[in-house]
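A.B. asks: Structure file my_file_28.cif (mmCIF, C-alpha atoms and all ligand atoms) right here:
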```cif
data_protein
loop_
_atom_site.label_atom_id
_atom_site.label_comp_id
_atom_site.auth_asym_id
_atom_site.auth_seq_id
_atom_site.Cartn_x
_atom_site.Cartn_y
_atom_site.Cartn_z
CA MET O 11 -6.33 11.70 -3.73
CA ARG O 12 -5.52 14.07 -0.87
CA LEU O 13 -8.32 15.97 0.82
CA ASP O 14 -7.27 18.68 3.25
CA VAL O 15 -9.32 21.05 5.35
CA VAL O 16 -7.63 24.29 6.39
CA PHE O 17 -8.94 26.22 9.40
CA GLY O 18 -8.35 29.86 8.49
CA ALA O 19 -6.64 31.28 5.43
CA PRO O 20 -3.78 32.77 7.55
CA SER O 21 -2.60 29.26 8.36
CA LEU O 22 -2.02 28.44 4.68
CA ALA O 23 1.64 27.75 3.88
CA ALA O 24 3.14 29.43 0.79
CA GLY O 25 2.36 27.36 -2.29
CA GLU O 26 0.08 24.99 -0.36
CA LEU O 27 -2.76 25.36 -2.85
CA ALA O 28 -0.64 25.04 -5.99
CA GLY O 29 -2.49 22.96 -8.58
CA ARG O 30 -5.29 22.11 -6.18
CA VAL O 31 -9.03 22.43 -6.49
CA VAL O 32 -10.22 24.61 -3.62
CA ALA O 33 -13.54 25.31 -1.92
CA VAL O 34 -13.79 28.39 0.31
CA ILE O 35 -16.45 28.31 3.02
CA ASP O 36 -17.82 31.19 5.08
CA VAL O 37 -21.26 29.87 5.98
CA LEU O 38 -22.10 32.92 8.17
CA ARG O 39 -22.49 34.72 5.90
CA ALA O 40 -20.28 35.64 2.95
CA SER O 41 -20.36 32.37 1.01
CA THR O 42 -24.12 32.04 1.55
CA THR O 43 -24.61 35.60 0.32
CA ILE O 44 -22.46 34.98 -2.76
CA ALA O 45 -24.41 31.84 -3.73
CA THR O 46 -27.70 33.66 -3.17
CA ALA O 47 -26.65 36.63 -5.30
CA LEU O 48 -25.64 34.36 -8.19
CA ALA O 49 -28.82 32.30 -7.91
CA ASN O 50 -30.76 35.55 -8.18
CA GLY O 51 -29.04 36.59 -11.37
CA ALA O 52 -26.09 38.75 -10.27
CA ARG O 53 -23.68 39.05 -13.20
CA SER O 54 -20.64 38.54 -10.97
CA ILE O 55 -19.22 39.20 -7.53
CA VAL O 56 -15.84 40.85 -7.21
CA PRO O 57 -14.19 40.15 -3.84
CA LEU O 58 -12.12 43.11 -2.68
CA GLU O 59 -9.80 43.71 0.24
CA SER O 60 -11.39 46.78 1.77
CA SER O 61 -14.40 49.04 1.56
CA ASP O 62 -12.13 51.77 0.16
CA GLU O 63 -11.26 49.44 -2.65
CA VAL O 64 -14.95 48.83 -3.32
CA VAL O 65 -15.48 52.56 -3.74
CA LEU O 66 -12.40 52.92 -5.93
CA ARG O 67 -13.34 49.99 -8.18
CA SER O 68 -16.89 51.28 -8.59
CA LYS O 69 -15.48 54.26 -10.48
CA GLN O 70 -14.63 51.93 -13.36
CA PHE O 71 -18.33 51.16 -13.91
CA GLU O 72 -21.50 53.01 -14.76
CA ARG O 73 -23.20 53.54 -11.38
CA ARG O 74 -26.29 51.52 -12.37
CA GLU O 75 -24.16 48.49 -13.35
CA VAL O 76 -22.80 47.87 -9.85
CA LYS O 77 -23.78 47.40 -6.26
CA LEU O 78 -21.37 48.40 -3.53
CA ALA O 79 -21.67 45.70 -0.90
CA GLY O 80 -20.24 44.17 2.24
CA GLU O 81 -19.98 44.50 5.98
CA ARG O 82 -17.80 45.57 8.85
CA ARG O 83 -18.56 44.07 12.27
CA MET O 84 -21.58 42.42 10.62
CA LEU O 85 -23.18 45.77 9.74
CA PRO O 86 -23.61 47.30 6.27
CA VAL O 87 -20.90 49.79 5.34
CA PRO O 88 -22.35 53.34 5.44
CA GLY O 89 -23.15 54.55 1.94
CA PHE O 90 -23.09 51.07 0.38
CA ASP O 91 -26.09 49.60 -1.45
CA LEU O 92 -26.08 46.22 0.29
CA GLY O 93 -24.76 44.70 3.50
CA ASN O 94 -23.93 41.02 3.94
CA SER O 95 -27.37 39.66 4.67
CA PRO O 96 -28.26 37.01 2.07
CA ARG O 97 -31.88 38.14 2.38
CA GLU O 98 -31.00 41.48 0.82
CA TYR O 99 -29.70 39.83 -2.36
CA THR O 100 -33.08 39.43 -4.04
CA ARG O 101 -33.51 39.18 -7.80
CA GLU O 102 -34.83 42.71 -7.81
CA ALA O 103 -31.70 43.98 -6.05
CA VAL O 104 -28.99 42.10 -7.94
CA GLU O 105 -30.12 40.79 -11.33
CA GLY O 106 -27.64 41.76 -14.04
CA ARG O 107 -25.44 43.69 -11.58
CA THR O 108 -21.79 43.34 -10.68
CA ILE O 109 -21.44 43.16 -6.90
CA LEU O 110 -18.29 44.79 -5.52
CA PHE O 111 -17.95 42.96 -2.23
CA SER O 112 -15.78 43.25 0.85
CA THR O 113 -16.31 41.38 4.13
CA THR O 114 -14.27 40.75 7.24
CA ASN O 115 -13.35 37.09 6.77
CA GLY O 116 -14.94 35.71 3.62
CA THR O 117 -13.35 37.92 0.99
CA PRO O 118 -9.81 37.74 2.51
CA ALA O 119 -10.07 33.93 2.44
CA LEU O 120 -10.96 34.05 -1.26
CA LEU O 121 -8.14 36.46 -2.01
CA ALA O 122 -5.70 34.05 -0.33
CA THR O 123 -6.27 31.30 -2.90
CA GLN O 124 -3.66 32.35 -5.46
CA GLY O 125 -2.00 29.42 -7.18
CA ALA O 126 -5.00 27.10 -6.90
CA ARG O 127 -6.14 25.37 -10.07
CA ASP O 128 -9.83 26.07 -9.52
CA VAL O 129 -11.64 27.85 -6.69
CA ILE O 130 -15.30 27.59 -5.77
CA VAL O 131 -17.34 29.23 -3.02
CA ALA O 132 -19.34 26.75 -0.95
CA SER O 133 -21.96 26.91 1.79
CA TYR O 134 -24.99 24.91 2.91
CA VAL O 135 -27.22 26.70 0.41
CA ASN O 136 -25.19 25.41 -2.56
CA LEU O 137 -23.85 22.24 -1.02
CA LYS O 138 -25.03 19.72 -3.62
CA ALA O 139 -23.80 21.78 -6.56
CA SER O 140 -20.43 22.41 -4.86
CA LEU O 141 -20.05 18.73 -4.03
CA ALA O 142 -20.78 17.74 -7.63
CA PHE O 143 -18.01 20.08 -8.79
CA LEU O 144 -15.50 18.75 -6.26
CA ARG O 145 -16.42 15.12 -7.06
CA ALA O 146 -15.81 15.73 -10.75
CA ALA O 147 -12.42 17.28 -9.92
CA ALA O 148 -11.53 14.34 -7.67
CA ARG O 149 -12.53 11.86 -10.39
CA GLY O 150 -10.12 13.70 -12.66
CA GLY O 151 -7.32 13.07 -10.13
CA ALA O 152 -7.15 16.50 -8.45
CA ASP O 153 -6.24 16.97 -4.81
CA VAL O 154 -8.78 19.11 -2.95
CA SER O 155 -8.42 21.73 -0.20
CA ILE O 156 -11.37 23.14 1.70
CA ILE O 157 -10.61 26.48 3.32
CA CYS O 158 -12.74 27.52 6.28
CA ALA O 159 -12.71 31.31 6.47
CA GLY O 160 -13.35 31.28 10.23
CA ARG O 161 -13.92 34.34 12.35
CA GLU O 162 -11.30 37.01 12.83
CA ARG O 163 -8.45 34.53 12.44
CA HIS O 164 -10.14 32.01 14.70
CA PHE O 165 -11.75 28.65 14.13
CA ALA O 166 -15.47 28.81 13.33
CA LEU O 167 -17.67 25.82 14.16
CA GLU O 168 -20.13 26.35 11.30
CA ASP O 169 -17.46 26.47 8.59
CA ALA O 170 -15.80 23.32 9.91
CA ALA O 171 -19.12 21.43 10.10
CA CYS O 172 -19.98 22.45 6.52
CA ALA O 173 -16.50 21.35 5.41
CA GLY O 174 -17.18 18.02 7.12
CA ARG O 175 -20.33 17.60 5.03
CA LEU O 176 -18.32 18.08 1.83
CA VAL O 177 -15.59 15.73 3.06
CA ARG O 178 -18.14 13.01 3.78
CA GLY O 179 -19.66 13.45 0.34
CA LEU O 180 -16.26 13.23 -1.30
CA MET O 181 -15.28 10.11 0.65
CA ARG O 182 -18.31 8.16 -0.49
CA ARG O 183 -17.18 5.23 -2.62
CA ARG O 184 -13.61 6.58 -2.57
CA PRO O 185 -11.46 4.39 -0.29
CA ASP O 186 -8.34 6.04 -1.74
CA VAL O 187 -9.04 9.47 -0.17
CA VAL O 188 -6.37 10.56 2.33
CA LEU O 189 -7.63 13.09 4.90
CA ASN O 190 -5.60 15.52 6.99
CA ASP O 191 -6.44 15.85 10.69
CA ALA O 192 -8.61 18.93 10.18
CA ALA O 193 -10.69 17.03 7.60
CA GLN O 194 -11.18 14.19 10.10
CA ALA O 195 -12.22 16.66 12.82
CA SER O 196 -14.67 18.32 10.40
CA VAL O 197 -16.33 14.98 9.72
CA LEU O 198 -16.87 14.48 13.46
CA LEU O 199 -18.52 17.91 13.68
CA ASP O 200 -20.83 17.21 10.76
CA ARG O 201 -21.81 13.89 12.36
CA ARG O 202 -22.43 15.67 15.66
CA TYR O 203 -24.89 18.22 14.23
CA GLY O 204 -26.27 16.41 11.15
CA GLU O 205 -29.31 18.24 9.87
CA ARG O 206 -29.66 20.33 13.06
CA LEU O 207 -28.12 23.48 11.68
CA ASP O 208 -30.22 25.46 14.13
CA LEU O 209 -28.25 23.83 16.96
CA LEU O 210 -24.97 24.31 15.11
CA PHE O 211 -25.61 28.04 14.67
CA ALA O 212 -26.83 28.37 18.27
CA ASP O 213 -23.54 26.88 19.51
CA ALA O 214 -21.32 28.87 17.13
CA VAL O 215 -19.90 32.18 18.39
CA HIS O 216 -20.70 33.94 15.13
CA GLY O 217 -24.22 32.50 15.02
CA ARG O 218 -24.89 33.91 18.47
CA ALA O 219 -23.33 37.25 17.56
CA LEU O 220 -25.51 37.54 14.47
CA ALA O 221 -28.65 36.75 16.47
CA GLU O 222 -27.70 39.35 19.07
CA ALA O 223 -27.06 41.94 16.36
CA GLY O 224 -30.59 41.44 14.98
CA PHE O 225 -29.74 39.06 12.13
CA ALA O 226 -31.47 35.93 13.47
CA ALA O 227 -33.45 35.58 10.23
CA ASP O 228 -30.17 35.33 8.34
CA LEU O 229 -29.41 32.13 10.23
CA ASP O 230 -32.48 30.51 8.67
CA ALA O 231 -31.38 31.72 5.24
CA CYS O 232 -27.89 30.25 5.81
CA ALA O 233 -29.43 26.92 6.90
CA ALA O 234 -31.53 26.50 3.73
CA VAL O 235 -29.62 23.48 2.43
CA ASP O 236 -29.47 23.39 -1.38
CA ALA O 237 -31.76 26.38 -1.82
CA CYS O 238 -29.39 27.63 -4.56
CA SER O 239 -28.22 25.14 -7.16
CA VAL O 240 -25.21 27.15 -8.27
CA VAL O 241 -21.53 26.34 -8.60
CA ALA O 242 -19.92 29.66 -7.65
CA VAL O 243 -16.54 29.73 -9.35
CA TYR O 244 -13.83 32.29 -8.58
CA TYR O 245 -11.75 32.90 -11.66
CA ASP O 246 -9.92 35.94 -12.95
CA ARG O 247 -10.73 37.93 -9.80
CA GLN O 248 -14.48 37.51 -10.03
CA ILE O 249 -17.06 34.97 -8.97
CA THR O 250 -19.60 33.80 -11.50
CA LYS O 251 -21.86 30.78 -11.73
CA LEU O 252 -21.02 27.87 -13.96
CA GLY O 253 -23.53 27.18 -16.70
CA PRO O 254 -25.87 24.20 -16.41
CA GLY O 255 -23.83 22.07 -18.86
CA TRP O 256 -20.52 22.35 -16.97
CA GLU O 257 -20.24 18.60 -16.27
CA ARG O 258 -20.37 17.58 -19.90
C1 LIG O 301 -17.33 37.73 6.98
O1 LIG O 301 -16.95 37.62 5.81
O2 LIG O 301 -16.59 38.07 7.88
C2 LIG O 301 -18.75 37.38 7.41
O3 LIG O 301 -19.50 36.97 6.38
C3 LIG O 301 -19.26 38.28 8.47
C4 LIG O 301 -20.74 38.51 8.48
O4 LIG O 301 -21.50 37.75 9.08
O5 LIG O 301 -21.21 39.49 7.90
#
```
Take the structure in this file and express it as structure tokens.

C.D. replies:
Amino acid sequence: MRLDVVFGAPSLAAGELAGRVVAVIDVLRASTTIATALANGARSIVPLESSDEVVLRSKQFERREVKLAGERRMLPVPGFDLGNSPREYTREAVEGRTILFSTTNGTPALLATQGARDVIVASYVNLKASLAFLRAAARGGADVSIICAGRERHFALEDAACAGRLVRGLMRRRPDVVLNDAAQASVLLDRRYGERLDLLFADAVHGRALAEAGFAADLDACAAVDACSVVAVYYDRQITKLGPGWER
């Protein structure tokens, strides 16, 4: 089994994901927000390229069915219902709603996964559930790619460290796993920070930027390992959670 980590969707080669099982990670904050929304009962999340597209797509729904959501430069888009703070995605705000969602790095990374066999959205808050899904895929013989969304086309420490955690979980009792160099580097980062996600986020450029922009509390939300036991699966242009019996 091959297990590759990719730093940044723009570095994906054409056809690289064909037939693969893929996890997309944007720890700060899009993938954390997506897992939180699903755990709190959102019907689905539709990743879209731009805020204009969010507005356009909303016209296909009854207004009360949807939430217009996302960020630009970390801040909520004017006129939208929700920004990209996982703390906003409470049950009261999202239950039963379709979330039309556009963010700077997270949603473009998801939209770049065409050709993959299965795509999930992973973060620290749904780590265990995501790992269980990837393990089942690996047992079935699939090759796995983990895409780190990064920050404005650049490497992001927190995404790589989270990828390293998944890689380590997948390697357990699997001597046949072949890692690319980025996967090996991710493992080193996860070993370096371990459970100290506070230190990881304090070192990460985006962690510091969020704190400076007044979103320090979001860092705690993004560090809540396994707070959401959801497998967030991206299929047919929307993200939904797999039902509890998915492994059977
Ligand atoms: C993104 O998708 O670029 C991020 O989640 C940015 C953010 O922290 O809002």

A.B. asks: Edge lengths and centre in Å to one decimal, as lines of an AutoDock Vina configuration file, of the axis-aligned box that encloses all listed atoms of ligand LIG 301 (chain O) with 6 Å added on every side?

C.D. replies:
```
center_x = -19.0
center_y = 38.2
center_z = 7.4
size_x = 16.9
size_y = 14.5
size_z = 15.3
```

A.B. asks: Find the residue from O:Glu222, O:Glu81, O:Asp36, O:Glu72 that sits nearest to Leu167 (chain O); use all atoms listed in the file when measuring.

C.D. replies: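 Nearest to Leu167 (chain O): O:Asp36.
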
A.B. asks: Give the residue list for ligand LIG 301 (chain O) at 8 Å, counting all atoms listed in the file, as a PyMOL selection string, sorted by chain and then by residue number.

C.D. replies: chain O and resi 36-41+80-85+93-95+112-118+159-162+216+220

A.B. asks: Write out as a ChimeraX atom specification the residues lying within 12 Å of Gly151 (chain O), counting all atoms listed in the file and excluding same-chain residues fewer than 2 positions away.

C.D. replies: /O:11-13,29-31,144-149,153-154,184,186-187

A.B. asks: Using all atoms listed in the file, which residue out of O:Gly51, O:Gly25, O:Pro86, O:Pro185 lies closest to Thr108 (chain O)?

C.D. replies: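 Of O:Gly51, O:Gly25, O:Pro86, O:Pro185, the one nearest Thr108 (chain O) is O:Gly51, counting all atoms listed in the file.
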
A.B. asks: What does the distance between CA of Phe143 (chain O) and CA of Asp236 (chain O) come to in Å, to one decimal place?

C.D. replies: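 We find that CA of Phe143 (chain O) and CA of Asp236 (chain O) lie 14.0 Å from each other.
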
A.B. asks: Interatomic distance between CA of Gly106 (chain O) and CA of Arg53 (chain O)?

C.D. replies: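 Taking CA of Gly106 (chain O) and CA of Arg53 (chain O), their separation equals 4.9 Å.
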
A.B. asks: Of the residues O:Thr100, O:Arg74, O:Leu176, O:Ala122, which is the one nearest to Ala139 (chain O), using only C-alpha atoms?

C.D. replies: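 Ranked by minimum distance to Ala139 (chain O), first place goes to O:Leu176.
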
A.B. asks: Pick the closest to Ala171 (chain O) from O:Leu207, O:Leu189, O:Ile130, O:Ala223: which is it, counting all atoms listed in the file?

C.D. replies: O:Leu207

A.B. asks: Distance cut-off 8 Å, centre (-13.2, 22.5, 10.4) in file coordinates, counting all atoms listed in the file: which residues qualify? Return them as a list in words.

C.D. replies: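 In the file's frame, the residues around the point are Val15, Val16, Phe17, Cys158, Phe165, Ala166, Leu167, Glu168, Asp169, Ala170, Ala171, Cys172, Ala173, Gly174, Ala192, Ala193, Ala195, Ser196 and Leu199 of chain O.
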
A.B. asks: May I have the residues from that selection written out with C-alpha atoms, as a CSV table (one decimal), in the frame of the given file?

C.D. replies:
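Contents of result28.csv, as written:
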```csv
chain,number,residue,atom,x,y,z
O,15,VAL,CA,-9.3,21.0,5.4
O,16,VAL,CA,-7.6,24.3,6.4
O,17,PHE,CA,-8.9,26.2,9.4
O,158,CYS,CA,-12.7,27.5,6.3
O,165,PHE,CA,-11.8,28.6,14.1
O,166,ALA,CA,-15.5,28.8,13.3
O,167,LEU,CA,-17.7,25.8,14.2
O,168,GLU,CA,-20.1,26.4,11.3
O,169,ASP,CA,-17.5,26.5,8.6
O,170,ALA,CA,-15.8,23.3,9.9
O,171,ALA,CA,-19.1,21.4,10.1
O,172,CYS,CA,-20.0,22.4,6.5
O,173,ALA,CA,-16.5,21.4,5.4
O,174,GLY,CA,-17.2,18.0,7.1
O,192,ALA,CA,-8.6,18.9,10.2
O,193,ALA,CA,-10.7,17.0,7.6
O,195,ALA,CA,-12.2,16.7,12.8
O,196,SER,CA,-14.7,18.3,10.4
O,199,LEU,CA,-18.5,17.9,13.7
```

A.B. asks: Under the rule that only C-alpha atoms are counted, which of O:Lys138, O:Arg183, O:Lys69, O:Arg175 is the nearest residue to Arg201 (chain O)?

C.D. replies: O:Arg175

A.B. asks: Which residue gives the smallest distance to Ala152 (chain O) among O:Ala28, O:Thr250, O:Tyr134, O:Glu63, with all atoms listed in the file counted?

C.D. replies: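 The shortest atom-to-atom distance to Ala152 (chain O) comes from O:Ala28.
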
A.B. asks: Please return as a ChimeraX atom specification every residue within 8 Å of (-19.1, 54.3, -3.4), taking into account all atoms listed in the file and the file's own coordinates.

C.D. replies: /O:64-66,68-69,78,89-90

A.B. asks: Rebuild region 97-108 of chain O so that it carries all heavy atoms, then output the result as a PDB file, keeping the file's coordinate frame.

C.D. replies:
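The result, written out as rebuild.pdb:
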```
ATOM      1  N   ARG O  97     -30.482  37.786   2.680  1.00  0.00           N
ATOM      2  CA  ARG O  97     -31.880  38.140   2.380  1.00  0.00           C
ATOM      3  C   ARG O  97     -32.015  39.437   1.589  1.00  0.00           C
ATOM      4  O   ARG O  97     -33.029  39.710   0.978  1.00  0.00           O
ATOM      5  CB  ARG O  97     -32.678  38.230   3.686  1.00  0.00           C
ATOM      6  CG  ARG O  97     -32.830  36.871   4.361  1.00  0.00           C
ATOM      7  CD  ARG O  97     -33.485  36.975   5.710  1.00  0.00           C
ATOM      8  NE  ARG O  97     -32.785  37.919   6.546  1.00  0.00           N
ATOM      9  CZ  ARG O  97     -33.366  38.934   7.184  1.00  0.00           C
ATOM     10  NH1 ARG O  97     -34.652  39.138   7.076  1.00  0.00           N
ATOM     11  NH2 ARG O  97     -32.659  39.746   7.937  1.00  0.00           N
ATOM     12  N   GLU O  98     -30.952  40.233   1.605  1.00  0.00           N
ATOM     13  CA  GLU O  98     -31.000  41.480   0.820  1.00  0.00           C
ATOM     14  C   GLU O  98     -30.779  41.225  -0.674  1.00  0.00           C
ATOM     15  O   GLU O  98     -31.063  42.080  -1.501  1.00  0.00           O
ATOM     16  CB  GLU O  98     -29.879  42.418   1.257  1.00  0.00           C
ATOM     17  CG  GLU O  98     -30.004  43.031   2.619  1.00  0.00           C
ATOM     18  CD  GLU O  98     -28.761  43.858   2.908  1.00  0.00           C
ATOM     19  OE1 GLU O  98     -28.707  45.035   2.512  1.00  0.00           O
ATOM     20  OE2 GLU O  98     -27.820  43.308   3.526  1.00  0.00           O
ATOM     21  N   TYR O  99     -30.166  40.073  -0.986  1.00  0.00           N
ATOM     22  CA  TYR O  99     -29.700  39.830  -2.360  1.00  0.00           C
ATOM     23  C   TYR O  99     -30.803  39.197  -3.197  1.00  0.00           C
ATOM     24  O   TYR O  99     -30.689  38.102  -3.743  1.00  0.00           O
ATOM     25  CB  TYR O  99     -28.420  38.976  -2.330  1.00  0.00           C
ATOM     26  CG  TYR O  99     -27.245  39.780  -1.825  1.00  0.00           C
ATOM     27  CD1 TYR O  99     -27.166  40.182  -0.499  1.00  0.00           C
ATOM     28  CD2 TYR O  99     -26.228  40.180  -2.678  1.00  0.00           C
ATOM     29  CE1 TYR O  99     -26.107  40.953  -0.029  1.00  0.00           C
ATOM     30  CE2 TYR O  99     -25.165  40.952  -2.225  1.00  0.00           C
ATOM     31  CZ  TYR O  99     -25.120  41.335  -0.896  1.00  0.00           C
ATOM     32  OH  TYR O  99     -24.067  42.098  -0.452  1.00  0.00           O
ATOM     33  N   THR O 100     -31.925  39.902  -3.272  1.00  0.00           N
ATOM     34  CA  THR O 100     -33.080  39.430  -4.040  1.00  0.00           C
ATOM     35  C   THR O 100     -32.817  39.643  -5.541  1.00  0.00           C
ATOM     36  O   THR O 100     -31.925  40.411  -5.926  1.00  0.00           O
ATOM     37  CB  THR O 100     -34.318  40.250  -3.662  1.00  0.00           C
ATOM     38  OG1 THR O 100     -34.004  41.636  -3.945  1.00  0.00           O
ATOM     39  CG2 THR O 100     -34.657  40.102  -2.191  1.00  0.00           C
ATOM     40  N   ARG O 101     -33.638  38.996  -6.345  1.00  0.00           N
ATOM     41  CA  ARG O 101     -33.510  39.180  -7.800  1.00  0.00           C
ATOM     42  C   ARG O 101     -33.651  40.666  -8.168  1.00  0.00           C
ATOM     43  O   ARG O 101     -32.883  41.202  -8.955  1.00  0.00           O
ATOM     44  CB  ARG O 101     -34.570  38.326  -8.509  1.00  0.00           C
ATOM     45  CG  ARG O 101     -34.481  38.331 -10.019  1.00  0.00           C
ATOM     46  CD  ARG O 101     -35.223  37.158 -10.618  1.00  0.00           C
ATOM     47  NE  ARG O 101     -34.561  35.889 -10.367  1.00  0.00           N
ATOM     48  CZ  ARG O 101     -33.536  35.415 -11.065  1.00  0.00           C
ATOM     49  NH1 ARG O 101     -33.037  36.102 -12.063  1.00  0.00           N
ATOM     50  NH2 ARG O 101     -33.003  34.252 -10.765  1.00  0.00           N
ATOM     51  N   GLU O 102     -34.600  41.288  -7.538  1.00  0.00           N
ATOM     52  CA  GLU O 102     -34.830  42.710  -7.810  1.00  0.00           C
ATOM     53  C   GLU O 102     -33.570  43.546  -7.501  1.00  0.00           C
ATOM     54  O   GLU O 102     -33.226  44.477  -8.227  1.00  0.00           O
ATOM     55  CB  GLU O 102     -35.987  43.166  -6.921  1.00  0.00           C
ATOM     56  CG  GLU O 102     -36.575  44.459  -7.371  1.00  0.00           C
ATOM     57  CD  GLU O 102     -37.714  44.862  -6.438  1.00  0.00           C
ATOM     58  OE1 GLU O 102     -37.768  44.381  -5.284  1.00  0.00           O
ATOM     59  OE2 GLU O 102     -38.532  45.669  -6.892  1.00  0.00           O
ATOM     60  N   ALA O 103     -32.859  43.180  -6.450  1.00  0.00           N
ATOM     61  CA  ALA O 103     -31.700  43.980  -6.050  1.00  0.00           C
ATOM     62  C   ALA O 103     -30.461  43.702  -6.899  1.00  0.00           C
ATOM     63  O   ALA O 103     -29.644  44.608  -7.112  1.00  0.00           O
ATOM     64  CB  ALA O 103     -31.376  43.717  -4.574  1.00  0.00           C
ATOM     65  N   VAL O 104     -30.308  42.450  -7.370  1.00  0.00           N
ATOM     66  CA  VAL O 104     -28.990  42.100  -7.940  1.00  0.00           C
ATOM     67  C   VAL O 104     -28.986  41.656  -9.397  1.00  0.00           C
ATOM     68  O   VAL O 104     -27.909  41.575 -10.001  1.00  0.00           O
ATOM     69  CB  VAL O 104     -28.291  41.008  -7.075  1.00  0.00           C
ATOM     70  CG1 VAL O 104     -28.119  41.476  -5.651  1.00  0.00           C
ATOM     71  CG2 VAL O 104     -29.019  39.668  -7.132  1.00  0.00           C
ATOM     72  N   GLU O 105     -30.124  41.363  -9.977  1.00  0.00           N
ATOM     73  CA  GLU O 105     -30.120  40.790 -11.330  1.00  0.00           C
ATOM     74  C   GLU O 105     -29.342  41.670 -12.312  1.00  0.00           C
ATOM     75  O   GLU O 105     -29.578  42.886 -12.406  1.00  0.00           O
ATOM     76  CB  GLU O 105     -31.551  40.587 -11.828  1.00  0.00           C
ATOM     77  CG  GLU O 105     -31.586  39.774 -13.113  1.00  0.00           C
ATOM     78  CD  GLU O 105     -32.977  39.260 -13.412  1.00  0.00           C
ATOM     79  OE1 GLU O 105     -33.963  39.947 -13.078  1.00  0.00           O
ATOM     80  OE2 GLU O 105     -33.060  38.153 -13.983  1.00  0.00           O
ATOM     81  N   GLY O 106     -28.404  41.063 -13.008  1.00  0.00           N
ATOM     82  CA  GLY O 106     -27.640  41.760 -14.040  1.00  0.00           C
ATOM     83  C   GLY O 106     -26.553  42.687 -13.491  1.00  0.00           C
ATOM     84  O   GLY O 106     -25.834  43.323 -14.256  1.00  0.00           O
ATOM     85  N   ARG O 107     -26.412  42.753 -12.160  1.00  0.00           N
ATOM     86  CA  ARG O 107     -25.440  43.690 -11.580  1.00  0.00           C
ATOM     87  C   ARG O 107     -24.131  42.985 -11.229  1.00  0.00           C
ATOM     88  O   ARG O 107     -24.104  41.806 -10.916  1.00  0.00           O
ATOM     89  CB  ARG O 107     -25.976  44.302 -10.274  1.00  0.00           C
ATOM     90  CG  ARG O 107     -27.351  44.886 -10.355  1.00  0.00           C
ATOM     91  CD  ARG O 107     -27.382  46.083 -11.297  1.00  0.00           C
ATOM     92  NE  ARG O 107     -28.729  46.639 -11.330  1.00  0.00           N
ATOM     93  CZ  ARG O 107     -29.104  47.695 -10.634  1.00  0.00           C
ATOM     94  NH1 ARG O 107     -28.253  48.338  -9.899  1.00  0.00           N
ATOM     95  NH2 ARG O 107     -30.335  48.128 -10.702  1.00  0.00           N
ATOM     96  N   THR O 108     -23.076  43.789 -11.214  1.00  0.00           N
ATOM     97  CA  THR O 108     -21.790  43.340 -10.680  1.00  0.00           C
ATOM     98  C   THR O 108     -21.756  43.795  -9.216  1.00  0.00           C
ATOM     99  O   THR O 108     -22.003  44.966  -8.924  1.00  0.00           O
ATOM    100  CB  THR O 108     -20.637  43.981 -11.465  1.00  0.00           C
ATOM    101  OG1 THR O 108     -20.725  43.495 -12.814  1.00  0.00           O
ATOM    102  CG2 THR O 108     -19.287  43.620 -10.872  1.00  0.00           C
TER     103      THR O 108
END
```
